[in-house]
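Below is one structure, written out as structure tokens; comments come after it.
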Amino acid sequence: MSEREVVERTDAPLTTDGLRADLRELGLTPGETALVHSSLSAIGWVAGGAPAVVDALLGAVTASGTIAVPTHSTQLSDPTSWENPPVPDDWIEDIKAEAAPYRPAVTPTRGVGAIPECLRQYPGARRSRHPTTSFAAWGADAEAVTAGHAYDSPMGEDSPLARLYDFDALIVRIGVDANTSLHLAEYRADYGGEPEPNGGPVLVDGEREWVEFAEPESRDDFREIEAAFESAHGDHVWRGPVGDAEATVCRLRPLVDFAVEWMADRR
């Protein structure tokens with residue numbers, strides 16, 4: 001959506017104070033931990049853009065709470081399976097040999113939106129070390145959420161998602177359907193499937209290396225799982241506005257636990 005289109009559908013400029021009030025109404029109160037997925041354009045025209053939204057998020061939970069966001073860099077993944085866009089087969093080895101290594105402070109995000117890209121650069125923010133599937137966090141437990149992200153556990157037990165599960169974080173989706181927490185359920189569920197190989201370039205003792213890892217086979221049924229969860233546990237899901245966007249909120253832990261059983265039974 002173009003900025004002109006966002007302006008035309010916004011009644012009045014949105015502000016940090018107004019967005020913070022909306023977030024507080026949704027349950028992002030001081031001391032809360034939240035994993036946030038977001039669309040800046042869905043929120044509407046915000047005076048100050050992405051930094052104003054980040055200020056609202058941080059202000060809602062305060063320094064006693066924690067905001068986490070996905071800061072994935074899939075441009076550093078194994079190009080063998082790229083589809084958007086694919087690359088010629090004879091490029092693949094050159095890309096794997098020459099792609100710049102992942103560096104938390106330098107490597108930009110891809111496909112997660114302007115708000116995570118902004119938050120990862122904030123003073124005090126921490127970003128995990130995974131080359132393709134990092135998360136960034138700010139606040140009281142930012143270090144605990146992002147530390148120790150194992151290369152062979154992109155979204156598994158040694159990832160920020162598992163730490164957010166431990167903290168019983170909120171999942172807050174603002175104008176988007178994305179829900180990375182369900183990938184944690186894929187690591188925990190017993191549903192068969194072939195592991196999917198992947199990899200990425202990292203720095204080890206100052207030297208560039210290509211590391212390889214595998215991920216559980218993922219399937220296109222996350223919206224079905226969420227609908228089943230809401231049908232069974234409607235009081236666990238609530239909605240409200242953030243600017244012009246509808247936000248959907250639930251706790252990460254009960255959703256993941258439900259999804260583990262659903263995947264084992266239905267996949």
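The way I read the labels, and the way they are meant: chains A, B, ... in the order of the structure tokens, residue 1 as the first residue of every chain, and ligand 1 as the first ligand shown, with later ones counted on from there.
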
May I have a table of the residues of range 15-90 of chain A lying at most 7 Å from range 104-109 of chain A, giving each one's closest pair of atoms and their distance in Å to one decimal, counting only C-alpha atoms, ordered by chain and ascending residue number, as a tab-separated table?
```
residue	atom	partner	partner_atom	distance
A:Thr71	CA	A:Thr109	CA	5.3
A:His72	CA	A:Thr109	CA	5.4
A:Ser73	CA	A:Thr109	CA	4.8
```

From the DSSP assignment of the backbone, select every residue of range 17-227 of chain A that is alpha helix (DSSP H), and format the answer as a PyMOL selection string.
chain A and resi 17-26+40-43+50-61+92-98+114-119+142-146+160-166+181-188+222-227

As an exercise, work out the distance from CA of Leu23 in chain A to CA of Ala169 in chain A in Å and give it to one decimal place.
14.7 Å

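Straight-line separation from CA of Ser134 in chain A to CA of Tyr151 in chain A: 9.9 Å.
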
Contacts of range 13-17 of chain A at 6 Å or less, counting only C-alpha atoms, minus same-chain residues fewer than 2 places along, as a list in words?
Leu19, Arg20, Trp45, Val46, Ala47, Ala52 and Ala56 of chain A

Write the residues of the preceding selection, restricted to all heavy atoms, as a compact mmCIF listing (two decimals), in the first residue's frame.
```txt
# COMPACT_ATOMS: atom_id res chain seq x y z
N LEU A 19 -1.60 5.63 20.23
CA LEU A 19 -1.31 4.22 20.00
C LEU A 19 -0.96 3.52 21.31
O LEU A 19 -1.36 2.36 21.53
CB LEU A 19 -0.16 4.08 19.00
CG LEU A 19 -0.45 4.57 17.58
CD1 LEU A 19 0.82 4.54 16.75
CD2 LEU A 19 -1.54 3.73 16.92
N ARG A 20 -0.24 4.20 22.19
CA ARG A 20 0.08 3.60 23.49
C ARG A 20 -1.20 3.33 24.28
O ARG A 20 -1.34 2.28 24.92
CB ARG A 20 1.01 4.51 24.28
CG ARG A 20 1.41 3.91 25.63
CD ARG A 20 2.49 4.73 26.33
NE ARG A 20 2.02 6.08 26.58
CZ ARG A 20 2.53 7.18 26.01
NH1 ARG A 20 3.53 7.07 25.15
NH2 ARG A 20 2.05 8.37 26.30
N TRP A 45 -1.80 6.32 9.00
CA TRP A 45 -0.70 7.28 8.86
C TRP A 45 -0.30 7.79 10.24
O TRP A 45 -1.06 8.45 10.94
CB TRP A 45 -1.09 8.45 7.97
CG TRP A 45 0.13 9.19 7.50
CD1 TRP A 45 0.88 8.93 6.39
CD2 TRP A 45 0.75 10.30 8.15
NE1 TRP A 45 1.94 9.79 6.31
CE2 TRP A 45 1.89 10.65 7.38
CE3 TRP A 45 0.47 11.03 9.31
CZ2 TRP A 45 2.73 11.70 7.73
CZ3 TRP A 45 1.31 12.07 9.68
CH2 TRP A 45 2.43 12.40 8.88
N VAL A 46 0.93 7.43 10.63
CA VAL A 46 1.43 7.73 11.97
C VAL A 46 2.41 8.88 11.88
O VAL A 46 3.38 8.83 11.10
CB VAL A 46 2.12 6.50 12.59
CG1 VAL A 46 2.60 6.83 14.00
CG2 VAL A 46 1.18 5.30 12.60
N ALA A 47 2.19 9.91 12.66
CA ALA A 47 3.14 11.03 12.71
C ALA A 47 4.46 10.53 13.29
O ALA A 47 4.53 10.14 14.45
CB ALA A 47 2.57 12.16 13.58
N ALA A 52 7.57 6.10 15.94
CA ALA A 52 6.46 6.47 16.82
C ALA A 52 5.72 5.24 17.31
O ALA A 52 5.28 5.18 18.47
CB ALA A 52 5.50 7.41 16.09
N ALA A 56 5.49 3.77 21.15
CA ALA A 56 4.23 3.40 21.79
C ALA A 56 4.31 2.00 22.41
O ALA A 56 3.84 1.78 23.54
CB ALA A 56 3.09 3.46 20.77
```

Under the rule of at most 12 Å, produce a per-residue listing of range 38-91 of chain A near range 113-125 of chain A: chain, number, name, the closest pair of atoms, and the distance in Å, as CSV, using only C-alpha atoms.
```
residue,atom,partner,partner_atom,distance
A:Ser38,CA,A:Ile115,CA,6.9
A:Ser39,CA,A:Gly113,CA,6.3
A:Leu40,CA,A:Ala114,CA,6.6
A:Ser41,CA,A:Ala114,CA,9.3
A:Ala42,CA,A:Gly113,CA,11.1
A:Ile43,CA,A:Ile115,CA,11.0
A:Val46,CA,A:Ile115,CA,11.9
A:Gly48,CA,A:Ile115,CA,11.9
A:Gly49,CA,A:Ile115,CA,8.8
A:Ala50,CA,A:Ile115,CA,5.3
A:Pro51,CA,A:Cys118,CA,6.5
A:Ala52,CA,A:Ile115,CA,9.4
A:Val53,CA,A:Ile115,CA,7.2
A:Val54,CA,A:Leu119,CA,6.2
A:Asp55,CA,A:Leu119,CA,9.0
A:Ala56,CA,A:Ile115,CA,11.2
A:Leu57,CA,A:Leu119,CA,9.7
A:Leu58,CA,A:Leu119,CA,9.5
A:Ala63,CA,A:Gly124,CA,10.1
A:Thr66,CA,A:Ala125,CA,10.0
A:Ile67,CA,A:Leu119,CA,9.2
A:Ala68,CA,A:Pro116,CA,8.6
A:Val69,CA,A:Pro116,CA,5.7
A:Pro70,CA,A:Pro116,CA,6.6
A:Thr71,CA,A:Pro116,CA,6.1
A:His72,CA,A:Pro116,CA,9.3
A:Ser73,CA,A:Glu117,CA,10.5
```

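Using only C-alpha atoms, the smallest distance between any of A:Asp166, A:Glu83, A:Glu5, A:Asp221 and Asn179 in chain A comes from A:Asp221.
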
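Put simply, CA of Leu161 in chain A is 25.8 Å away from CA of Ala100 in chain A.
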
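Counting only C-alpha atoms, the residue from A:Leu203, A:Val176, A:Ala162, A:Ile171 that sits nearest to His130 in chain A is A:Leu203.
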